[in-house]
>>> print(open('input31.pdb').read())   # PDB, C-alpha atoms and all ligand atoms
ATOM      1  CA  MET W 216       3.818 -68.711 -16.600
ATOM      2  CA  ARG W 217       3.514 -68.660 -20.382
ATOM      3  CA  ASN W 218       6.161 -71.365 -20.734
ATOM      4  CA  LYS W 219       4.226 -74.109 -19.028
ATOM      5  CA  ARG W 220       5.000 -77.649 -19.941
ATOM      6  CA  ILE W 221       3.233 -79.011 -22.978
ATOM      7  CA  ILE W 222       2.249 -82.144 -21.043
ATOM      8  CA  ASP W 223       0.532 -80.033 -18.378
ATOM      9  CA  GLU W 224      -1.298 -78.134 -21.089
ATOM     10  CA  ALA W 225      -2.380 -81.359 -22.791
ATOM     11  CA  ASP W 226      -3.697 -82.571 -19.434
ATOM     12  CA  ASP W 227      -5.665 -79.339 -18.992
ATOM     13  CA  VAL W 228      -7.123 -79.658 -22.497
ATOM     14  CA  ARG W 229      -8.217 -83.241 -21.764
ATOM     15  CA  ARG W 230      -9.855 -82.165 -18.506
ATOM     16  CA  ALA W 231     -11.527 -79.180 -20.166
ATOM     17  CA  VAL W 232     -12.975 -81.387 -22.935
ATOM     18  CA  GLU W 233     -14.358 -83.835 -20.374
ATOM     19  CA  MET W 234     -15.836 -81.022 -18.279
ATOM     20  CA  VAL W 235     -17.487 -79.433 -21.340
ATOM     21  CA  ARG W 236     -18.897 -82.806 -22.405
ATOM     22  CA  LEU W 237     -20.433 -83.119 -18.936
ATOM     23  CA  GLY W 238     -21.959 -79.638 -19.255
ATOM     24  CA  ALA W 239     -19.505 -77.407 -17.356
ATOM     25  CA  ARG W 240     -19.870 -73.630 -17.573
ATOM     26  CA  MET W 241     -16.960 -71.288 -18.358
ATOM     27  CA  GLN W 242     -16.459 -70.270 -14.716
ATOM     28  CA  MET W 243     -15.699 -73.860 -13.760
ATOM     29  CA  LEU W 244     -13.335 -74.348 -16.718
ATOM     30  CA  GLU W 245     -11.446 -71.178 -15.867
ATOM     31  CA  ALA W 246     -11.117 -72.122 -12.204
ATOM     32  CA  GLU W 247     -10.044 -75.725 -12.801
ATOM     33  CA  THR W 248      -7.547 -75.338 -15.669
ATOM     34  CA  ARG W 249      -4.674 -72.984 -16.450
ATOM     35  CA  LEU W 250      -5.808 -72.530 -20.052
ATOM     36  CA  SER W 251      -6.525 -69.061 -21.423
ATOM     37  CA  ARG W 252     -10.103 -67.916 -21.796
ATOM     38  CA  GLU W 253      -9.656 -67.862 -25.586
ATOM     39  CA  LYS W 254      -8.513 -71.462 -25.614
ATOM     40  CA  LEU W 255     -11.364 -72.537 -23.345
ATOM     41  CA  LEU W 256     -13.889 -70.775 -25.593
ATOM     42  CA  ARG W 257     -12.486 -72.637 -28.594
ATOM     43  CA  ILE W 258     -12.668 -75.967 -26.778
ATOM     44  CA  TYR W 259     -16.236 -75.229 -25.680
ATOM     45  CA  LYS W 260     -17.348 -74.373 -29.216
ATOM     46  CA  GLU W 261     -15.594 -77.381 -30.724
ATOM     47  CA  VAL W 262     -17.171 -79.817 -28.269
ATOM     48  CA  ARG W 263     -20.665 -78.320 -28.031
ATOM     49  CA  GLY W 264     -20.967 -76.581 -31.386
ATOM     50  CA  VAL W 265     -22.248 -73.399 -29.707
ATOM     51  CA  SER W 266     -20.862 -70.567 -27.593
ATOM     52  CA  PRO W 267     -21.065 -70.966 -23.816
ATOM     53  CA  PRO W 268     -23.978 -69.283 -22.035
ATOM     54  CA  LYS W 269     -23.140 -65.917 -20.525
ATOM     55  CA  GLY W 270     -23.927 -64.721 -17.029
ATOM     56  CA  MET W 271     -22.856 -65.347 -13.487
ATOM     57  CA  LEU W 272     -23.233 -68.536 -11.551
ATOM     58  CA  PRO W 273     -25.777 -68.384  -8.757
ATOM     59  CA  PHE W 274     -23.928 -67.892  -5.498
ATOM     60  CA  SER W 275     -26.411 -69.202  -2.981
ATOM     61  CA  THR W 276     -26.775 -72.374  -0.978
ATOM     62  CA  ASP W 277     -30.579 -72.098  -1.080
ATOM     63  CA  TRP W 278     -31.047 -74.056  -4.312
ATOM     64  CA  PHE W 279     -29.499 -77.134  -2.677
ATOM     65  CA  MET W 280     -32.104 -76.996   0.096
ATOM     66  CA  THR W 281     -35.177 -77.197  -2.132
ATOM     67  CA  TRP W 282     -36.753 -80.639  -2.230
ATOM     68  CA  GLN W 283     -35.686 -82.276  -5.469
ATOM     69  CA  PRO W 284     -32.252 -80.614  -5.762
ATOM     70  CA  ASN W 285     -31.555 -81.662  -2.160
ATOM     71  CA  VAL W 286     -32.178 -85.335  -2.929
ATOM     72  CA  HIS W 287     -29.973 -85.185  -6.036
ATOM     73  CA  SER W 288     -27.244 -83.166  -4.290
ATOM     74  CA  SER W 289     -27.199 -85.608  -1.380
ATOM     75  CA  LEU W 290     -26.857 -88.532  -3.780
ATOM     76  CA  PHE W 291     -23.907 -86.824  -5.480
ATOM     77  CA  MET W 292     -22.265 -85.894  -2.161
ATOM     78  CA  GLY W 293     -22.451 -89.534  -1.035
ATOM     79  CA  PHE W 294     -20.408 -90.530  -4.080
ATOM     80  CA  TYR W 295     -18.035 -87.588  -3.696
ATOM     81  CA  ARG W 296     -17.312 -88.435  -0.063
ATOM     82  CA  TYR W 297     -16.679 -92.031  -1.073
ATOM     83  CA  PHE W 298     -13.975 -90.956  -3.525
ATOM     84  CA  GLU W 299     -12.567 -88.294  -1.221
ATOM     85  CA  GLN W 300     -12.519 -90.069   2.126
ATOM     86  CA  GLY W 301     -12.651 -93.691   1.024
ATOM     87  CA  LEU W 302     -10.169 -93.573  -1.854
ATOM     88  CA  GLY W 303      -8.226 -90.401  -1.033
ATOM     89  CA  LEU W 304      -9.030 -88.726  -4.343
ATOM     90  CA  GLY W 305      -9.269 -84.960  -4.283
ATOM     91  CA  GLY W 306     -10.735 -81.979  -6.049
ATOM     92  CA  LEU W 307     -11.768 -82.136  -9.657
ATOM     93  CA  ASP W 308     -10.977 -85.830 -10.134
ATOM     94  CA  ALA W 309     -13.303 -86.800  -7.306
ATOM     95  CA  ILE W 310     -15.978 -84.400  -8.594
ATOM     96  CA  ILE W 311     -15.879 -85.827 -12.121
ATOM     97  CA  LYS W 312     -15.884 -89.449 -10.961
ATOM     98  CA  ALA W 313     -18.728 -88.798  -8.525
ATOM     99  CA  TYR W 314     -20.657 -86.952 -11.224
ATOM    100  CA  HIS W 315     -20.327 -89.905 -13.619
ATOM    101  CA  LEU W 316     -21.698 -92.206 -10.905
ATOM    102  CA  TYR W 317     -24.519 -89.760 -10.204
ATOM    103  CA  LEU W 318     -25.480 -89.708 -13.912
ATOM    104  CA  ASP W 319     -25.321 -93.517 -14.085
ATOM    105  CA  GLN W 320     -27.644 -93.858 -11.094
ATOM    106  CA  ILE W 321     -30.060 -91.231 -12.343
ATOM    107  CA  GLU W 322     -30.206 -92.688 -15.847
ATOM    108  CA  ALA W 323     -30.627 -96.237 -14.510
ATOM    109  CA  GLY W 324     -33.636 -94.986 -12.544
ATOM    110  CA  HIS W 325     -35.066 -93.188 -15.593
ATOM    111  CA  ILE W 326     -34.987 -89.903 -13.709
ATOM    112  CA  GLU W 327     -34.009 -86.577 -15.262
ATOM    113  CA  PRO W 328     -30.715 -85.290 -13.848
ATOM    114  CA  VAL W 329     -31.373 -82.168 -11.788
ATOM    115  CA  LEU W 330     -27.810 -81.482 -10.684
ATOM    116  CA  SER W 331     -25.537 -80.083 -13.418
ATOM    117  CA  LEU W 332     -21.780 -80.598 -13.227
ATOM    118  CA  THR W 333     -21.277 -76.905 -12.483
ATOM    119  CA  ARG W 334     -23.831 -77.123  -9.639
ATOM    120  CA  ALA W 335     -22.073 -80.208  -8.295
ATOM    121  CA  TRP W 336     -18.755 -78.342  -8.400
ATOM    122  CA  THR W 337     -20.335 -75.359  -6.625
ATOM    123  CA  LEU W 338     -21.766 -77.739  -4.032
ATOM    124  CA  VAL W 339     -18.297 -79.102  -3.216
ATOM    125  CA  ARG W 340     -16.975 -75.542  -2.925
ATOM    126  CA  PHE W 341     -19.761 -74.729  -0.462
ATOM    127  CA  PHE W 342     -18.755 -77.771   1.582
ATOM    128  CA  ASP W 343     -15.091 -76.730   1.433
ATOM    129  CA  ALA W 344     -16.095 -73.264   2.672
ATOM    130  CA  ASP W 345     -18.031 -74.860   5.565
ATOM    131  CA  LEU W 346     -21.317 -73.377   4.379
ATOM    132  CA  LEU W 347     -22.914 -76.824   4.114
ATOM    133  CA  GLN W 348     -22.720 -80.113   5.976
ATOM    134  CA  LEU W 349     -24.188 -83.606   5.719
ATOM    135  CA  ALA W 350     -26.943 -84.280   8.228
ATOM    136  CA  GLU W 351     -28.094 -87.781   9.111
ATOM    137  CA  CYS W 352     -31.835 -88.360   8.895
ATOM    138  CA  ARG W 353     -33.214 -89.815  12.122
ATOM    139  CA  GLU W 354     -35.885 -91.724  10.161
ATOM    140  CA  CYS W 355     -33.967 -93.410   7.341
ATOM    141  CA  GLY W 356     -30.334 -92.930   8.384
ATOM    142  CA  GLY W 357     -29.417 -91.419   4.994
ATOM    143  CA  ARG W 358     -27.090 -88.411   4.889
ATOM    144  CA  TYR W 359     -28.385 -85.224   3.316
ATOM    145  CA  VAL W 360     -27.060 -81.816   2.371
ATOM    146  CA  ALA W 361     -27.941 -79.232   5.030
ATOM    147  CA  HIS W 362     -26.862 -75.709   6.007
ATOM    148  CA  ALA W 363     -23.762 -75.774   8.190
ATOM    149  CA  TYR W 364     -25.421 -73.725  10.922
ATOM    150  CA  ASP W 365     -28.622 -75.791  11.121
ATOM    151  CA  PRO W 366     -28.899 -78.123  14.100
ATOM    152  CA  VAL W 367     -28.555 -81.738  12.898
ATOM    153  CA  ARG W 368     -30.020 -83.468  15.958
ATOM    154  CA  GLY W 369     -33.444 -84.796  15.046
ATOM    155  CA  TYR W 370     -32.940 -83.939  11.360
ATOM    156  CA  VAL W 371     -35.584 -85.453   9.066
ATOM    157  CA  CYS W 372     -34.810 -85.591   5.343
ATOM    158  CA  GLY W 373     -36.985 -84.479   2.452
ATOM    159  CA  LEU W 374     -37.832 -88.063   1.499
ATOM    160  CA  CYS W 375     -39.127 -89.000   4.959
ATOM    161  CA  ASN W 376     -40.949 -85.693   5.345
ATOM    162  CA  MET W 377     -42.031 -85.048   1.818
ATOM    163  CA  PRO W 378     -44.098 -82.247   0.313
ATOM    164  CA  SER W 379     -47.211 -83.796  -1.321
ATOM    165  CA  ARG W 380     -46.353 -82.501  -4.817
ATOM    166  CA  ALA W 381     -43.203 -84.596  -4.784
ATOM    167  CA  GLY W 382     -45.076 -87.908  -4.417
ATOM    168  CA  LYS W 383     -44.549 -89.232  -7.927
ATOM    169  CA  THR W 384     -40.788 -89.491  -7.796
ATOM    170  CA  ARG W 385     -40.558 -90.606  -4.189
ATOM    171  CA  ARG W 386     -40.117 -94.315  -4.620
ATOM    172  CA  ALA W 387     -37.370 -93.959  -7.257
ATOM    173  CA  ALA W 388     -35.598 -91.301  -5.241
ATOM    174  CA  VAL W 389     -35.672 -93.307  -2.014
ATOM    175  CA  LYS W 390     -34.181 -96.245  -3.860
ATOM    176  CA  LYS W 391     -31.407 -94.057  -5.244
ATOM    177  CA  VAL W 392     -30.403 -92.601  -1.911
ATOM    178  CA  ARG W 393     -30.416 -96.016  -0.263
ATOM    179  CA  GLU W 394     -28.047 -97.226  -2.973
ATOM    180  CA  THR W 395     -25.682 -94.374  -2.148
ATOM    181  CA  ASP W 396     -25.516 -95.549   1.440
ATOM    182  CA  LEU W 397     -24.157 -98.849   0.197
ATOM    183  CA  VAL W 398     -21.010 -97.305  -1.224
ATOM    184  CA  GLU W 399     -20.294 -95.161   1.798
ATOM    185  CA  VAL W 400     -17.298 -96.135   3.860
TER     186      VAL W 400
HETATM  187 ZN    ZN W 501     -34.926 -89.743   5.795
END
>>> encode(input="input31.pdb", output="structure tokens")
Amino acid sequence: MRNKRIIDEADDVRRAVEMVRLGARMQMLEAETRLSREKLLRIYKEVRGVSPPKGMLPFSTDWFMTWQPNVHSSLFMGFYRYFEQGLGLGGLDAIIKAYHLYLDQIEAGHIEPVLSLTRAWTLVRFFDADLLQLAECRECGGRYVAHAYDPVRGYVCGLCNMPSRAGKTRRAAVKKVRETDLVEV
């Protein structure tokens, strides 16, 4: 496999640069390109000016269930599903496009992004592995990330049933999720 086509390699380099710019960790770069670890490290350092952080990625669905991450993850998944099911895009391309839309929405609302690209990528992998599903809220009709084995009948989302500490960001977040519904097909 050493003699791969130079065009394929150039395509991988372009994807790796875009992923690093969006904050991807090494694990994602290694999984999504066929470039060597050495090459990926060089790309990372050239783009970011520092070495990539070490350590494993968290392998748990729990983070996506906590209040604020759940709202952000659900927003991202709405975009991802739009690209995947509505436009037939798959895998990394759909993830990157959905992540750009997520960042645009978050920045337009003057909210700090909570979902990193690597988290978003992990989220899609959890969906692919049937560990997570989208549940429709019976109050607002929005679709939210939920555990695959949780019953979805009568599901109420974190925005409609909100912990009191989350009050400050509620209005902005509700607006964001409603906007996601608009692009769903
Ligand atoms: Zn709701």
>>> residues_near_ligand(input="input31.pdb", ligand="ligand ZN 501 (chain W)", cutoff="10 Å", atoms="all atoms listed in the file", output="list of chain:residue names")
W:Ala350, W:Glu351, W:Cys352, W:Arg353, W:Glu354, W:Cys355, W:Gly356, W:Gly357, W:Arg358, W:Tyr359, W:Tyr370, W:Val371, W:Cys372, W:Gly373, W:Leu374, W:Cys375, W:Asn376, W:Met377, W:Val389, W:Val392, W:Arg393
>>> closest_residue(input="input31.pdb", among="W:Ile321, W:Val329, W:Leu307, W:Val262", to="W:Asp227", atoms="all atoms listed in the file")
W:Leu307
>>> closest_residue(input="input31.pdb", among="W:Val228, W:Ala309, W:Met271, W:Leu237", to="W:Leu250", atoms="only C-alpha atoms")
W:Val228
>>> residues_near_point(input="input31.pdb", point="(-17.9, -87.9, -11.8)", cutoff="10 Å", atoms="all atoms listed in the file", output="VMD selection string")
chain W and resid 234 237 291 294 to 295 298 307 to 319 332 335
>>> resolve_selection(input="input31.pdb", expression="the PyMOL selection byres (((chain W and resi 231) around 12) and not hetatm)", output="count of residues only")
39
>>> atom_distance(input="input31.pdb", atom1="atom CA of W:Leu304", atom2="atom CA of W:Pro284")
24.6 Å
>>> closest_residue(input="input31.pdb", among="W:Leu347, W:Ala323, W:Ala361, W:Val339", to="W:Val286", atoms="all atoms listed in the file")
W:Ala361
>>> resolve_selection(input="input31.pdb", expression="the PyMOL selection byres (((chain W and resi 337) around 10) and not hetatm)", output="VMD selection string")
chain W and resid 243 272 to 276 331 to 336 338 to 343
>>> atom_distance(input="input31.pdb", atom1="atom CA of W:Ala363", atom2="atom CA of W:Ala344")
9.8 Å
>>> atom_distance(input="input31.pdb", atom1="atom CA of W:His287", atom2="atom CA of W:Leu302")
21.9 Å
>>> axis_aligned_box(input="input31.pdb", around="stretch 355-371 of chain W", padding_each_side="3 Å", output="JSON")
{"center_x": -29.7, "center_y": -83.6, "center_z": 9.2, "size_x": 17.8, "size_y": 25.7, "size_z": 19.6}
>>> residues_around(input="input31.pdb", residues="W:Ser288", least_positions_apart="6", cutoff="7 Å", atoms="all atoms listed in the file", output="list of chain:residue names")
W:Phe279, W:Leu330, W:Val360
